$ cat target07.cif   # mmCIF, C-alpha atoms
data_structure
#
loop_
_atom_site.group_PDB
_atom_site.id
_atom_site.type_symbol
_atom_site.label_atom_id
_atom_site.label_comp_id
_atom_site.auth_asym_id
_atom_site.auth_seq_id
_atom_site.Cartn_x
_atom_site.Cartn_y
_atom_site.Cartn_z
ATOM 1 C CA MET A 1198 -109.198 63.882 180.477
ATOM 2 C CA LEU A 1199 -107.549 65.836 177.679
ATOM 3 C CA PHE A 1200 -109.091 66.475 174.322
ATOM 4 C CA ALA A 1201 -107.258 67.567 171.217
ATOM 5 C CA PRO A 1202 -108.941 69.349 168.352
ATOM 6 C CA LEU A 1203 -109.440 67.120 165.319
ATOM 7 C CA HIS A 1204 -107.113 69.233 163.185
ATOM 8 C CA ALA A 1205 -104.278 68.599 165.687
ATOM 9 C CA LEU A 1206 -104.327 64.820 165.179
ATOM 10 C CA ALA A 1207 -101.642 63.505 162.852
ATOM 11 C CA ALA A 1208 -102.873 61.939 159.643
ATOM 12 C CA PRO A 1209 -102.059 58.237 159.301
ATOM 13 C CA PRO A 1210 -99.211 57.498 156.892
ATOM 14 C CA SER A 1211 -100.168 56.563 153.341
ATOM 15 C CA ALA A 1212 -99.719 53.042 152.008
ATOM 16 C CA ALA A 1213 -96.916 54.307 149.741
ATOM 17 C CA THR A 1214 -95.081 55.764 152.750
ATOM 18 C CA LEU A 1215 -95.416 52.499 154.679
ATOM 19 C CA PHE A 1216 -94.197 50.402 151.722
ATOM 20 C CA ALA A 1217 -91.222 52.729 151.196
ATOM 21 C CA ALA A 1218 -90.269 52.452 154.879
ATOM 22 C CA GLU A 1219 -90.565 48.645 154.801
ATOM 23 C CA HIS A 1220 -88.499 48.473 151.599
ATOM 24 C CA LYS A 1221 -85.726 50.540 153.171
ATOM 25 C CA ALA A 1222 -85.837 48.583 156.463
ATOM 26 C CA VAL A 1223 -85.243 45.224 154.756
ATOM 27 C CA GLY A 1224 -82.336 46.309 152.572
ATOM 28 C CA GLY A 1225 -83.802 48.461 149.826
ATOM 29 C CA ASP A 1226 -82.705 47.841 146.248
ATOM 30 C CA THR A 1227 -80.111 45.268 147.354
ATOM 31 C CA TRP A 1228 -82.871 42.646 147.053
ATOM 32 C CA GLN A 1229 -83.181 43.364 143.311
ATOM 33 C CA ARG A 1230 -79.932 41.413 142.800
ATOM 34 C CA VAL A 1231 -81.179 38.314 144.682
ATOM 35 C CA ALA A 1232 -82.595 35.680 142.310
ATOM 36 C CA GLY A 1233 -83.702 33.179 144.918
ATOM 37 C CA VAL A 1234 -83.875 32.483 148.616
ATOM 38 C CA ARG A 1235 -83.180 29.191 150.403
ATOM 39 C CA LEU A 1236 -84.320 28.669 153.969
ATOM 40 C CA ASP A 1237 -83.202 25.647 156.000
ATOM 41 C CA GLY A 1238 -84.526 24.965 159.466
ATOM 42 C CA VAL A 1239 -85.866 22.630 162.099
ATOM 43 C CA VAL A 1240 -89.530 21.792 162.568
ATOM 44 C CA THR A 1241 -91.520 19.699 165.047
ATOM 45 C CA THR A 1242 -94.599 17.981 163.614
ATOM 46 C CA GLY A 1243 -96.751 15.769 165.787
ATOM 47 C CA GLY A 1244 -94.016 15.776 168.410
ATOM 48 C CA ALA A 1245 -91.389 14.453 165.970
ATOM 49 C CA PRO A 1246 -88.405 16.664 165.141
ATOM 50 C CA GLY A 1247 -87.482 17.182 161.525
ATOM 51 C CA GLN A 1248 -85.819 19.438 159.008
ATOM 52 C CA PHE A 1249 -87.174 21.594 156.219
ATOM 53 C CA THR A 1250 -85.870 23.399 153.162
ATOM 54 C CA VAL A 1251 -87.805 26.047 151.246
ATOM 55 C CA ILE A 1252 -86.480 27.435 147.966
ATOM 56 C CA THR A 1253 -88.196 30.469 146.426
ATOM 57 C CA ASP A 1254 -87.638 31.962 142.975
ATOM 58 C CA ARG A 1255 -87.983 35.710 143.545
ATOM 59 C CA ALA A 1256 -88.734 36.517 139.904
ATOM 60 C CA ARG A 1257 -91.880 34.374 139.732
ATOM 61 C CA GLY A 1258 -92.673 33.481 143.328
ATOM 62 C CA TRP A 1259 -92.376 29.782 142.526
ATOM 63 C CA SER A 1260 -91.329 27.667 145.460
ATOM 64 C CA ARG A 1261 -90.580 24.155 146.660
ATOM 65 C CA GLN A 1262 -90.754 22.980 150.271
ATOM 66 C CA ASP A 1263 -89.221 19.721 151.498
ATOM 67 C CA VAL A 1264 -90.034 18.566 155.030
ATOM 68 C CA HIS A 1265 -88.422 15.455 156.542
ATOM 69 C CA THR A 1266 -89.916 14.395 159.880
ATOM 70 C CA GLY A 1267 -89.034 10.934 161.146
ATOM 71 C CA PRO A 1268 -90.084 8.472 158.435
ATOM 72 C CA GLN A 1269 -92.360 11.057 156.783
ATOM 73 C CA ASP A 1270 -91.195 13.093 153.785
ATOM 74 C CA SER A 1271 -93.440 15.856 152.523
ATOM 75 C CA LEU A 1272 -92.939 17.831 149.330
ATOM 76 C CA SER A 1273 -95.058 20.769 148.203
ATOM 77 C CA GLY A 1274 -94.713 23.849 146.109
ATOM 78 C CA PHE A 1275 -96.045 26.472 143.751
ATOM 79 C CA ASP A 1276 -95.186 26.820 140.055
ATOM 80 C CA GLY A 1277 -98.153 28.861 138.960
ATOM 81 C CA GLU A 1278 -100.347 26.251 140.645
ATOM 82 C CA PRO A 1279 -100.054 24.885 144.175
ATOM 83 C CA TRP A 1280 -99.123 21.195 144.370
ATOM 84 C CA VAL A 1281 -98.193 18.439 146.797
ATOM 85 C CA ALA A 1282 -96.272 15.210 146.174
ATOM 86 C CA GLN A 1283 -96.433 11.960 148.099
ATOM 87 C CA ASN A 1284 -94.956 8.597 147.122
ATOM 88 C CA GLY A 1285 -93.930 9.980 143.737
ATOM 89 C CA ILE A 1286 -97.447 11.153 142.846
ATOM 90 C CA VAL A 1287 -97.893 14.888 142.256
ATOM 91 C CA THR A 1288 -101.326 16.379 142.864
ATOM 92 C CA THR A 1289 -102.249 19.927 141.882
ATOM 93 C CA ILE A 1290 -104.480 21.775 144.287
ATOM 94 C CA ASP A 1291 -107.537 23.329 142.665
ATOM 95 C CA LEU A 1292 -109.792 24.311 145.563
ATOM 96 C CA PRO A 1293 -110.371 28.028 144.818
ATOM 97 C CA SER A 1294 -109.636 29.290 148.329
ATOM 98 C CA LEU A 1295 -106.369 27.302 148.503
ATOM 99 C CA VAL A 1296 -105.332 28.493 145.032
ATOM 100 C CA SER A 1297 -105.989 32.111 146.055
ATOM 101 C CA ASP A 1298 -103.983 31.603 149.235
ATOM 102 C CA ALA A 1299 -101.070 30.052 147.288
ATOM 103 C CA VAL A 1300 -101.009 32.963 144.816
ATOM 104 C CA THR A 1301 -100.996 35.436 147.717
ATOM 105 C CA GLN A 1302 -98.217 33.507 149.483
ATOM 106 C CA ALA A 1303 -96.167 33.431 146.254
ATOM 107 C CA PHE A 1304 -96.493 37.218 145.930
ATOM 108 C CA ALA A 1305 -95.434 37.715 149.551
ATOM 109 C CA ALA A 1306 -92.556 35.217 149.321
ATOM 110 C CA ARG A 1307 -90.958 36.879 146.322
ATOM 111 C CA ASP A 1308 -91.181 40.337 147.816
#

$ encode --input "target07.cif" --output "structure tokens"
Amino acid sequence: MLFAPLHALAAPPSAATLFAAEHKAVGGDTWQRVAGVRLDGVVTTGGAPGQFTVITDRARGWSRQDVHTGPQDSLSGFDGEPWVAQNGIVTTIDLPSLVSDAVTQAFAARD
């Protein structure tokens, strides 16, 4: 077994160093010119194949997600508050833990 003196161990990188490396790895300042992102894809829910579209406003983190699976259409989003819509009725989500999660997801989605 080998032992290294404590002073020989490398210090872990700082958070600022990690964020700078991540920023560079994903395109750097190029993303500053992107106003929004649209993702289209395929999803399987309950064994039924479907399609989804997510649109995110990078300036505010607002988003809208449409999911079409068989006869089921699901619409949800975040515009400062998380919400879901079914049969033309929009319901805001106010459970504190879900609101906190939506705010965190909005921050991550825009960055």

$ closest_residue --input "target07.cif" --among "A:Asp1308, A:Ser1297, A:Pro1246, A:Pro1279" --to "Val1234 in chain A" --atoms "all atoms listed in the file"
A:Asp1308

$ residues_around --input "target07.cif" --residues "Gln1283 in chain A" --least-positions-apart "5" --cutoff "12 Å" --atoms "only C-alpha atoms" --output "JSON list (two decimals) with C-alpha atoms, in the coordinates of the input"
[["chain", "number", "residue", "atom", "x", "y", "z"],
["A", 1263, "ASP", "CA", -89.22, 19.72, 151.50],
["A", 1264, "VAL", "CA", -90.03, 18.57, 155.03],
["A", 1269, "GLN", "CA", -92.36, 11.06, 156.78],
["A", 1270, "ASP", "CA", -91.20, 13.09, 153.78],
["A", 1271, "SER", "CA", -93.44, 15.86, 152.52],
["A", 1272, "LEU", "CA", -92.94, 17.83, 149.33],
["A", 1273, "SER", "CA", -95.06, 20.77, 148.20],
["A", 1288, "THR", "CA", -101.33, 16.38, 142.86],
["A", 1289, "THR", "CA", -102.25, 19.93, 141.88]]

$ closest_residue --input "target07.cif" --among "A:Leu1295, A:Val1240, A:Ala1303, A:Ala1217" --to "Arg1261 in chain A" --atoms "only C-alpha atoms"
A:Ala1303

$ closest_residue --input "target07.cif" --among "A:Ser1260, A:Asn1284, A:Gln1302, A:Thr1250" --to "Gly1238 in chain A" --atoms "all atoms listed in the file"
A:Thr1250

$ closest_residue --input "target07.cif" --among "A:Gly1258, A:Gly1225, A:Gly1247, A:Pro1293" --to "Phe1275 in chain A" --atoms "all atoms listed in the file"
A:Gly1258

$ atom_distance --input "target07.cif" --atom1 "CA of Ala1282 in chain A" --atom2 "CA of Gly1233 in chain A"
22.0 Å

$ resolve_selection --input "target07.cif" --expression "the PyMOL selection byres ((chain A and resi 1305) around 12)" --output "PyMOL selection string"
chain A and resi 1253-1260+1298-1304+1306-1308

$ closest_residue --input "target07.cif" --among "A:Gln1262, A:Leu1206, A:Gly1267, A:Ala1212" --to "Trp1280 in chain A" --atoms "all atoms listed in the file"
A:Gln1262
